[in-house]
$ cat target.txt   # compact mmCIF, C-alpha atoms and all ligand atoms
# COMPACT_ATOMS: atom_id res chain seq x y z
CA MET A 1 -59.22 41.93 -35.54
CA SER A 2 -60.12 44.89 -33.46
CA VAL A 3 -61.04 48.48 -33.92
CA SER A 4 -59.71 51.17 -31.67
CA LEU A 5 -60.42 54.80 -31.23
CA LEU A 6 -57.83 55.17 -28.50
CA CYS A 7 -55.76 57.90 -30.12
CA ALA A 8 -58.68 60.16 -30.98
CA CYS A 9 -60.31 59.72 -27.57
CA ALA A 10 -57.10 60.30 -25.67
CA ALA A 11 -56.49 63.50 -27.62
CA ALA A 12 -60.05 64.67 -26.95
CA MET A 13 -59.70 64.15 -23.20
CA LEU A 14 -56.37 65.96 -23.10
CA ILE A 15 -57.68 69.09 -24.75
CA GLY A 16 -61.05 68.98 -23.03
CA ILE A 17 -63.35 68.31 -26.01
CA PRO A 18 -66.53 66.56 -24.90
CA GLN A 19 -65.96 62.92 -25.69
CA GLN A 20 -69.22 62.44 -27.54
CA ALA A 21 -67.83 64.74 -30.25
CA ILE A 22 -65.86 61.72 -31.45
CA ALA A 23 -67.86 58.99 -29.79
CA ALA A 24 -66.14 55.64 -29.82
CA ASP A 25 -68.99 53.76 -31.42
CA ALA A 26 -69.10 51.70 -34.56
CA SER A 27 -71.07 54.36 -36.44
CA ALA A 28 -68.71 57.28 -35.69
CA PRO A 29 -66.65 58.62 -38.60
CA GLY A 30 -63.37 56.73 -38.71
CA ALA A 31 -64.74 53.55 -37.14
CA THR A 32 -63.27 50.77 -39.26
CA GLN A 33 -63.75 47.08 -39.75
CA VAL A 34 -61.39 44.71 -41.53
CA ALA A 35 -63.48 42.72 -44.02
CA PRO A 36 -63.48 38.95 -43.46
CA TRP A 37 -62.06 38.40 -46.96
CA LYS A 38 -61.00 40.53 -49.92
CA ASP A 39 -63.78 42.77 -51.31
CA ASN A 40 -65.83 41.97 -48.19
CA LYS A 41 -66.68 38.47 -49.45
CA LYS A 42 -67.98 35.99 -46.87
CA ALA A 43 -65.59 33.18 -47.77
CA ALA A 44 -62.70 32.16 -49.99
CA PHE A 45 -62.41 29.19 -52.31
CA LEU A 46 -59.25 27.55 -53.62
CA LEU A 47 -59.10 25.28 -56.65
CA MET A 48 -55.96 23.14 -56.38
CA PHE A 49 -54.53 20.83 -59.06
CA ASP A 50 -51.75 18.29 -58.52
CA ASP A 51 -49.04 16.78 -60.74
CA ASN A 52 -49.13 19.09 -63.81
CA ALA A 53 -51.43 16.62 -65.55
CA PRO A 54 -52.06 17.00 -69.31
CA SER A 55 -55.81 17.32 -68.64
CA HIS A 56 -55.12 20.50 -66.64
CA LEU A 57 -53.83 22.16 -69.82
CA LYS A 58 -56.47 20.64 -72.07
CA ASN A 59 -59.58 20.80 -69.89
CA ALA A 60 -59.21 22.62 -66.56
CA ILE A 61 -57.29 25.81 -67.40
CA PRO A 62 -59.46 26.83 -70.41
CA GLU A 63 -62.58 26.55 -68.20
CA LEU A 64 -60.94 28.53 -65.37
CA LYS A 65 -59.90 31.24 -67.85
CA LYS A 66 -63.43 31.48 -69.29
CA ARG A 67 -64.69 32.36 -65.82
CA ASN A 68 -61.74 34.56 -64.87
CA PHE A 69 -60.78 32.17 -62.05
CA THR A 70 -57.33 31.24 -60.87
CA GLY A 71 -56.08 27.88 -59.62
CA THR A 72 -53.08 26.72 -57.61
CA PHE A 73 -51.14 24.10 -59.59
CA TYR A 74 -48.83 21.87 -57.53
CA VAL A 75 -46.16 21.14 -60.10
CA CYS A 76 -43.30 18.66 -60.47
CA PRO A 77 -40.92 20.26 -63.00
CA GLY A 78 -38.94 17.00 -63.22
CA LYS A 79 -42.05 15.33 -64.71
CA GLY A 80 -43.92 16.43 -67.83
CA TRP A 81 -42.66 20.01 -67.64
CA SER A 82 -43.51 21.24 -71.15
CA ASP A 83 -43.12 24.73 -72.58
CA ALA A 84 -46.78 25.34 -71.74
CA TRP A 85 -46.03 24.88 -68.01
CA LYS A 86 -42.76 26.82 -68.23
CA LYS A 87 -44.06 29.81 -70.15
CA GLU A 88 -47.76 29.91 -70.92
CA VAL A 89 -49.67 28.91 -67.79
CA PRO A 90 -48.06 31.53 -65.48
CA GLY A 91 -49.17 34.26 -67.94
CA MET A 92 -52.77 33.02 -67.71
CA GLY A 93 -53.18 34.11 -64.10
CA MET A 94 -52.53 30.65 -62.63
CA GLU A 95 -50.33 30.11 -59.56
CA TYR A 96 -47.82 27.34 -58.86
CA GLY A 97 -47.25 25.41 -55.66
CA ASN A 98 -44.23 23.24 -54.82
CA HIS A 99 -44.97 19.48 -55.17
CA THR A 100 -41.27 18.43 -55.27
CA ASN A 101 -39.25 18.06 -58.46
CA THR A 102 -39.96 14.44 -59.37
CA HIS A 103 -42.74 13.21 -57.02
CA SER A 104 -40.53 10.19 -56.31
CA GLY A 105 -40.16 10.68 -52.56
CA ALA A 106 -37.34 11.67 -50.21
CA LYS A 107 -35.30 9.08 -48.37
CA ASP A 108 -33.48 11.68 -46.27
CA ALA A 109 -33.28 15.42 -45.56
CA GLU A 110 -30.67 15.94 -48.26
CA LYS A 111 -32.86 14.43 -50.96
CA LEU A 112 -35.87 16.41 -49.68
CA ASP A 113 -33.84 19.61 -49.95
CA GLU A 114 -32.84 18.79 -53.54
CA GLU A 115 -36.42 17.91 -54.52
CA ILE A 116 -37.85 21.12 -53.06
CA LYS A 117 -34.99 23.32 -54.30
CA LEU A 118 -35.23 22.20 -57.93
CA CYS A 119 -39.00 22.71 -57.88
CA ALA A 120 -38.63 26.14 -56.23
CA GLU A 121 -36.06 27.22 -58.84
CA ALA A 122 -38.29 26.14 -61.73
CA ILE A 123 -41.24 28.05 -60.22
CA ASP A 124 -39.12 31.19 -59.81
CA LYS A 125 -38.03 30.89 -63.45
CA ALA A 126 -41.64 30.54 -64.60
CA TYR A 127 -42.49 33.89 -62.93
CA PRO A 128 -39.46 36.07 -63.81
CA ASP A 129 -41.29 39.29 -62.85
CA ARG A 130 -42.12 38.27 -59.27
CA LYS A 131 -39.90 39.53 -56.49
CA THR A 132 -38.18 36.81 -54.48
CA PRO A 133 -38.21 35.46 -51.87
CA ARG A 134 -41.99 35.12 -51.76
CA LEU A 135 -44.38 32.69 -50.11
CA ILE A 136 -45.16 29.57 -52.15
CA SER A 137 -47.77 26.95 -51.35
CA TRP A 138 -46.55 23.48 -50.37
CA GLY A 139 -48.43 20.32 -51.33
CA GLN A 140 -46.64 17.25 -50.06
CA PRO A 141 -46.75 14.53 -52.74
CA GLY A 142 -48.26 11.14 -52.02
CA THR A 143 -45.43 8.78 -52.96
CA GLY A 144 -44.99 5.02 -53.05
CA LYS A 145 -44.68 2.94 -49.91
CA GLY A 146 -41.24 3.25 -48.30
CA THR A 147 -40.17 6.26 -50.45
CA TRP A 148 -41.04 9.14 -48.09
CA LEU A 149 -38.72 8.59 -45.15
CA VAL A 150 -38.27 12.13 -43.82
CA THR A 151 -39.85 13.28 -40.57
CA ASN A 152 -42.48 16.01 -40.25
CA GLU A 153 -39.88 18.14 -38.51
CA GLN A 154 -37.51 17.79 -41.49
CA VAL A 155 -40.35 18.81 -43.82
CA ARG A 156 -41.12 21.80 -41.59
CA GLU A 157 -37.48 22.91 -41.68
CA ALA A 158 -37.38 22.65 -45.46
CA CYS A 159 -40.64 24.63 -45.68
CA MET A 160 -39.08 27.37 -43.58
CA LYS A 161 -35.92 27.47 -45.73
CA TYR A 162 -37.89 27.79 -48.98
CA ASN A 163 -40.75 29.99 -47.65
CA LEU A 164 -43.34 27.28 -48.22
CA ILE A 165 -46.79 27.32 -46.62
CA ASP A 166 -48.48 23.95 -46.16
CA ARG A 167 -51.85 23.86 -47.91
CA GLY A 168 -53.40 21.74 -45.16
CA PRO A 169 -54.75 18.18 -45.18
CA PHE A 170 -55.35 16.57 -48.56
CA MET A 171 -59.05 16.68 -49.51
CA GLY A 172 -59.50 15.55 -53.06
CA ALA A 173 -61.95 15.15 -55.92
CA ALA A 174 -62.62 11.51 -56.86
CA ILE A 175 -61.45 10.49 -53.35
CA HIS A 176 -63.32 12.60 -50.79
CA TYR A 177 -65.71 14.34 -53.19
CA LYS A 178 -67.14 11.85 -55.66
CA ASN A 179 -69.34 14.11 -57.79
CA GLY A 180 -70.42 17.68 -58.51
CA LYS A 181 -72.97 17.66 -55.71
CA ASP A 182 -70.26 16.77 -53.15
CA MET A 183 -68.09 19.62 -54.48
CA VAL A 184 -70.90 22.18 -54.39
CA ALA A 185 -71.44 21.21 -50.74
CA VAL A 186 -67.82 22.28 -50.00
CA VAL A 187 -68.62 25.74 -51.38
CA ASP A 188 -71.76 26.01 -49.24
CA LYS A 189 -69.81 24.94 -46.16
CA ALA A 190 -67.14 27.60 -46.79
CA ILE A 191 -69.83 30.30 -47.12
CA SER A 192 -71.68 29.21 -43.99
CA SER A 193 -68.49 29.03 -41.91
CA GLY A 194 -66.80 32.10 -43.47
CA SER A 195 -63.63 30.13 -44.10
CA ALA A 196 -61.49 29.12 -47.07
CA GLY A 197 -62.86 26.00 -48.73
CA TYR A 198 -60.69 23.99 -51.11
CA ILE A 199 -60.70 20.94 -53.33
CA VAL A 200 -57.60 19.23 -54.72
CA PHE A 201 -57.93 17.81 -58.24
CA HIS A 202 -55.74 15.37 -60.09
CA GLY A 203 -57.09 14.61 -63.58
CA VAL A 204 -59.95 16.72 -64.89
CA GLY A 205 -61.89 14.94 -67.65
CA GLY A 206 -59.01 12.47 -68.09
CA ASP A 207 -55.70 11.24 -66.63
CA TRP A 208 -55.58 9.80 -63.09
CA LEU A 209 -57.99 10.13 -60.12
CA SER A 210 -60.13 12.06 -62.53
CA ALA A 211 -63.13 14.29 -61.87
CA SER A 212 -65.56 14.22 -64.79
CA MET A 213 -66.02 17.37 -66.86
CA PRO A 214 -69.74 17.70 -65.98
CA ASP A 215 -68.88 17.51 -62.24
CA PHE A 216 -66.01 20.01 -62.63
CA LEU A 217 -68.20 22.43 -64.60
CA GLN A 218 -71.01 22.09 -62.06
CA LEU A 219 -68.57 23.27 -59.39
CA LEU A 220 -67.20 26.17 -61.47
CA ASP A 221 -70.66 27.37 -62.48
CA TYR A 222 -71.82 27.18 -58.87
CA LEU A 223 -68.83 29.33 -57.86
CA VAL A 224 -69.81 31.85 -60.56
CA SER A 225 -73.37 31.95 -59.17
CA LYS A 226 -71.99 32.67 -55.67
CA GLN A 227 -69.36 35.23 -56.65
CA ASP A 228 -71.01 38.00 -54.64
CA GLN A 229 -70.23 35.92 -51.54
CA ILE A 230 -67.08 33.99 -52.35
CA TRP A 231 -63.55 34.99 -53.36
CA VAL A 232 -62.07 32.43 -55.76
CA THR A 233 -58.35 32.78 -55.32
CA ASP A 234 -55.06 30.93 -54.88
CA HIS A 235 -53.80 29.41 -51.64
CA ILE A 236 -51.11 31.99 -50.86
CA SER A 237 -53.41 34.98 -51.46
CA SER A 238 -56.01 33.55 -49.06
CA HIS A 239 -53.32 32.60 -46.54
CA LYS A 240 -51.81 36.09 -46.55
CA TYR A 241 -55.24 37.70 -46.16
CA ALA A 242 -56.32 35.42 -43.30
CA THR A 243 -53.01 35.81 -41.49
CA GLU A 244 -52.88 39.59 -41.80
CA ARG A 245 -56.56 39.94 -40.86
CA ALA A 246 -56.12 37.74 -37.77
CA GLY A 247 -53.57 40.17 -36.30
CA ALA A 248 -55.02 43.42 -37.68
CA GLU A 249 -55.73 46.53 -35.65
CA VAL A 250 -57.01 49.88 -36.90
CA LYS A 251 -56.42 53.06 -34.93
CA VAL A 252 -58.18 56.31 -35.69
CA VAL A 253 -55.51 58.98 -35.62
CA GLU A 254 -57.81 61.81 -36.71
CA ALA A 255 -61.47 62.06 -37.67
CA THR A 256 -62.96 65.42 -38.69
CA ASP A 257 -65.57 66.44 -41.25
CA LYS A 258 -62.72 67.13 -43.70
CA LYS A 259 -60.32 64.25 -43.18
CA ILE A 260 -59.96 60.83 -41.58
CA GLN A 261 -56.56 59.40 -40.81
CA LEU A 262 -56.04 55.77 -39.78
CA ALA A 263 -53.14 53.52 -38.82
CA LEU A 264 -53.45 49.87 -39.88
CA THR A 265 -51.12 47.40 -38.22
CA SER A 266 -51.04 43.62 -38.14
CA LYS A 267 -49.13 41.32 -35.86
CA ILE A 268 -48.12 38.55 -38.25
CA SER A 269 -47.89 36.01 -35.43
CA PRO A 270 -49.05 33.40 -34.90
CA ARG A 271 -49.50 32.81 -38.56
CA ILE A 272 -52.74 31.10 -39.23
CA ILE A 273 -53.71 28.94 -42.15
CA GLU A 274 -57.49 29.03 -42.18
CA LEU A 275 -58.90 26.27 -44.28
CA ASP A 276 -62.16 24.43 -44.14
CA GLY A 277 -63.11 26.13 -40.90
CA LYS A 278 -60.00 24.86 -39.12
CA SER A 279 -56.85 26.75 -38.23
CA TYR A 280 -53.32 25.51 -38.63
CA THR A 281 -50.30 27.29 -37.25
CA ASN A 282 -47.32 27.94 -39.46
CA ASP A 283 -45.03 29.71 -37.02
CA LYS A 284 -41.90 29.97 -39.11
CA ALA A 285 -42.82 32.09 -42.13
CA ASP A 286 -41.11 35.48 -42.48
CA PRO A 287 -43.57 38.30 -41.52
CA LYS A 288 -42.03 40.53 -44.19
CA LEU A 289 -43.46 38.28 -46.90
CA TYR A 290 -47.04 39.14 -45.87
CA ASP A 291 -47.64 42.00 -48.26
CA ALA A 292 -51.26 41.68 -49.39
CA PRO A 293 -53.70 44.58 -48.96
CA LEU A 294 -56.67 44.12 -46.63
CA THR A 295 -60.18 45.34 -47.44
CA LEU A 296 -61.26 47.99 -44.93
CA ILE A 297 -64.75 49.36 -44.31
CA THR A 298 -64.70 52.80 -42.74
CA LYS A 299 -67.53 55.04 -41.57
CA VAL A 300 -67.28 58.48 -43.16
CA PRO A 301 -69.48 61.60 -42.73
CA ALA A 302 -72.83 61.07 -44.49
CA SER A 303 -72.18 63.95 -46.91
CA TRP A 304 -69.04 62.30 -48.36
CA GLN A 305 -69.48 60.46 -51.64
CA LYS A 306 -66.46 60.09 -53.90
CA CYS A 307 -63.42 59.81 -51.62
CA GLN A 308 -59.70 59.82 -52.17
CA ILE A 309 -57.70 57.29 -50.17
CA THR A 310 -53.98 57.92 -49.83
CA GLN A 311 -51.42 55.56 -48.34
CA GLY A 312 -47.83 56.59 -49.03
CA ALA A 313 -47.49 56.98 -52.80
CA GLN A 314 -50.66 54.95 -53.39
CA LYS A 315 -53.75 57.00 -54.25
CA THR A 316 -57.11 55.44 -55.03
CA THR A 317 -60.69 56.63 -55.16
CA ALA A 318 -63.83 54.90 -53.96
CA THR A 319 -67.44 55.99 -53.56
CA ALA A 320 -69.07 55.90 -50.15
CA ALA A 321 -72.57 54.48 -49.81
CA ASN A 322 -74.68 55.55 -46.82
CA GLY A 323 -71.65 56.89 -44.99
CA THR A 324 -69.63 53.69 -45.48
CA LEU A 325 -66.49 53.45 -47.57
CA GLN A 326 -64.86 50.20 -48.72
CA TYR A 327 -61.26 50.21 -49.99
CA GLU A 328 -57.94 48.38 -49.75
CA ALA A 329 -54.91 49.25 -47.62
CA LEU A 330 -51.63 47.61 -46.70
CA PRO A 331 -50.97 46.79 -43.05
CA ASN A 332 -47.72 47.83 -41.36
CA SER A 333 -47.19 50.55 -43.95
CA ASP A 334 -47.87 54.32 -44.18
CA PRO A 335 -50.86 55.99 -42.47
CA ILE A 336 -54.12 55.97 -44.44
CA SER A 337 -55.76 59.32 -45.24
CA ILE A 338 -59.34 59.59 -46.47
CA GLN A 339 -60.78 62.83 -47.81
CA PRO A 340 -63.72 63.77 -50.00
CA ALA A 341 -62.36 63.85 -53.56
CA THR A 342 -62.19 67.36 -54.98
CA LEU A 343 -63.79 67.75 -58.38
ZN ZN B 401 -49.11 14.41 -56.53

$ encode --input "target.txt" --output "structure tokens"
Amino acid sequence: MSVSLLCACAAAMLIGIPQQAIAADASAPGATQVAPWKDNKKAAFLLMFDDNAPSHLKNAIPELKKRNFTGTFYVCPGKGWSDAWKKEVPGMGMEYGNHTNTHSGAKDAEKLDEEIKLCAEAIDKAYPDRKTPRLISWGQPGTGKGTWLVTNEQVREACMKYNLIDRGPFMGAAIHYKNGKDMVAVVDKAISSGSAGYIVFHGVGGDWLSASMPDFLQLLDYLVSKQDQIWVTDHISSHKYATERAGAEVKVVEATDKKIQLALTSKISPRIIELDGKSYTNDKADPKLYDAPLTLITKVPASWQKCQITQGAQKTTATAANGTLQYEALPNSDPISIQPATL
């Protein structure tokens, strides 16, 4: 990310205004930072659940809902796909990832295509109001010996065709994180490194590779206690934010005591998956599918309090504190105008 005052300074030099009138420092009106994560949180955290297990419906989702959290559920519609998964879970604020249709493997590229396609179609059907195509998280299933015979390159090509973003290396409860204390340590690590931490669950309080309910609740309650610092979200939302932020640039077009105008752009390349403090490149995703707003923090004149932020048809208000205004804006879209709100 970078902040630039090029336009304002160039204009000032051309018309002979002393440059200090719009000094290019971080405290000058218009100076803008892109927040590390949504709502200026220090880190993100992703709760992932594999295999549409019955204990997700019975135990995990009710506890997520109680705390207003979302989770990314890597589903296999060809296995245990009940009405609850088809109709109810998507309406509860949960997100689906593609885990192939039957979890039975792929002996060749043709079978891989069929497995991913059927899963992708079922996910689209479960979210009839979402525009398509859209980015969907990809969690490669662990299948029996000798059943996954496709190459990484074939998987990559299928991911590109179906707009799938790899969630990163498998790091799971009951395997890598044995208890609640281990899981809480993943949250602390995400906060200290400013990255997106994640844990993949199978069973929760039952089923296979199960995390116990006390351990799961210890993690969720710890996340609640750290909510001022951590954004609990789904994989694609964090991926879009990190990718857009990595290529973001803010230019100050105009900064007066009456109005600030900014241009927010982002080069959506290379596309970065930031997880667990590491970066992974996914160089094939379509830049047009990166449509999440970024959180911006802009210096405004000290006298401004309630401000109106306009970007295209979008109008929002936010209140400045100590000459600093925090709000959301879409990159690669219309210019952003900020003015004191008129009463
Ligand atoms: Zn699985």

$ closest_residue --input "target.txt" --among "A:Val155, A:Leu209, A:Ala313, A:Ile61" --to "ligand ZN 401 (chain B)" --atoms "only C-alpha atoms and all ligand atoms"
A:Leu209

$ residues_near_ligand --input "target.txt" --ligand "ligand ZN 401 (chain B)" --cutoff "6 Å" --atoms "only C-alpha atoms and all ligand atoms" --output "list in words"
Asp50, Asp51, Pro141 and Gly142 of chain A

$ closest_atom_pairs --input "target.txt" --of "region 78-118 of chain A" --to "region 231-246 of chain A" --cutoff "12 Å" --atoms "all atoms listed in the file" --output "JSON lines"
{"residue": "A:Gly93", "atom": "CA", "partner": "A:Asp234", "partner_atom": "CA", "distance": 9.9}
{"residue": "A:Met94", "atom": "CA", "partner": "A:Asp234", "partner_atom": "CA", "distance": 8.2}
{"residue": "A:Glu95", "atom": "CA", "partner": "A:Asp234", "partner_atom": "CA", "distance": 6.7}
{"residue": "A:Tyr96", "atom": "CA", "partner": "A:Asp234", "partner_atom": "CA", "distance": 9.0}
{"residue": "A:Gly97", "atom": "CA", "partner": "A:His235", "partner_atom": "CA", "distance": 8.7}
{"residue": "A:Asn98", "atom": "CA", "partner": "A:Ile236", "partner_atom": "CA", "distance": 11.8}

$ residues_around --input "target.txt" --residues "Glu115 (chain A)" --least-positions-apart "2" --cutoff "9 Å" --atoms "all atoms listed in the file" --output "JSON, numbers by chain"
{"A": [99, 100, 101, 102, 103, 104, 105, 106, 110, 111, 112, 113, 117, 118, 119, 120]}

$ closest_residue --input "target.txt" --among "A:Lys226, A:Arg156, A:Lys131, A:Lys107" --to "Ala43 (chain A)" --atoms "all atoms listed in the file"
A:Lys226

$ closest_residue --input "target.txt" --among "A:Gln326, A:Thr342, A:Val252, A:Ala211" --to "Ala28 (chain A)" --atoms "all atoms listed in the file"
A:Val252

$ atom_distance --input "target.txt" --atom1 "CA of Leu164 (chain A)" --atom2 "CA of Tyr198 (chain A)"
17.9 Å

$ decode --input "target.txt" --residues "region 67-78 of chain A" --atoms "N, CA and C atoms" --output "short mmCIF file (atom, residue, chain, number, x, y, z; two decimals), in the first residue's frame"
data_model
loop_
_atom_site.label_atom_id
_atom_site.label_comp_id
_atom_site.auth_asym_id
_atom_site.auth_seq_id
_atom_site.Cartn_x
_atom_site.Cartn_y
_atom_site.Cartn_z
N ARG A 67 -22.65 -15.96 18.58
CA ARG A 67 -21.60 -14.94 18.68
C ARG A 67 -21.51 -14.06 17.43
N ASN A 68 -22.49 -14.26 16.53
CA ASN A 68 -22.49 -13.47 15.29
C ASN A 68 -21.24 -13.69 14.44
N PHE A 69 -20.70 -14.89 14.47
CA PHE A 69 -19.54 -15.25 13.67
C PHE A 69 -19.97 -15.99 12.41
N THR A 70 -19.13 -15.93 11.41
CA THR A 70 -19.34 -16.76 10.23
C THR A 70 -18.30 -17.87 10.21
N GLY A 71 -18.53 -18.87 9.36
CA GLY A 71 -17.54 -19.92 9.13
C GLY A 71 -17.54 -20.26 7.65
N THR A 72 -16.43 -20.85 7.19
CA THR A 72 -16.38 -21.32 5.80
C THR A 72 -16.53 -22.84 5.84
N PHE A 73 -17.58 -23.34 5.23
CA PHE A 73 -17.90 -24.78 5.27
C PHE A 73 -17.57 -25.40 3.92
N TYR A 74 -16.58 -26.31 3.93
CA TYR A 74 -16.11 -26.97 2.70
C TYR A 74 -17.00 -28.20 2.49
N VAL A 75 -17.93 -28.06 1.57
CA VAL A 75 -19.02 -29.02 1.45
C VAL A 75 -18.83 -29.99 0.28
N CYS A 76 -19.42 -31.17 0.45
CA CYS A 76 -19.48 -32.20 -0.58
C CYS A 76 -20.96 -32.51 -0.80
N PRO A 77 -21.60 -31.84 -1.77
CA PRO A 77 -23.04 -32.00 -1.96
C PRO A 77 -23.44 -33.43 -2.28
N GLY A 78 -22.51 -34.23 -2.83
CA GLY A 78 -22.81 -35.62 -3.13
C GLY A 78 -22.83 -36.52 -1.89
#
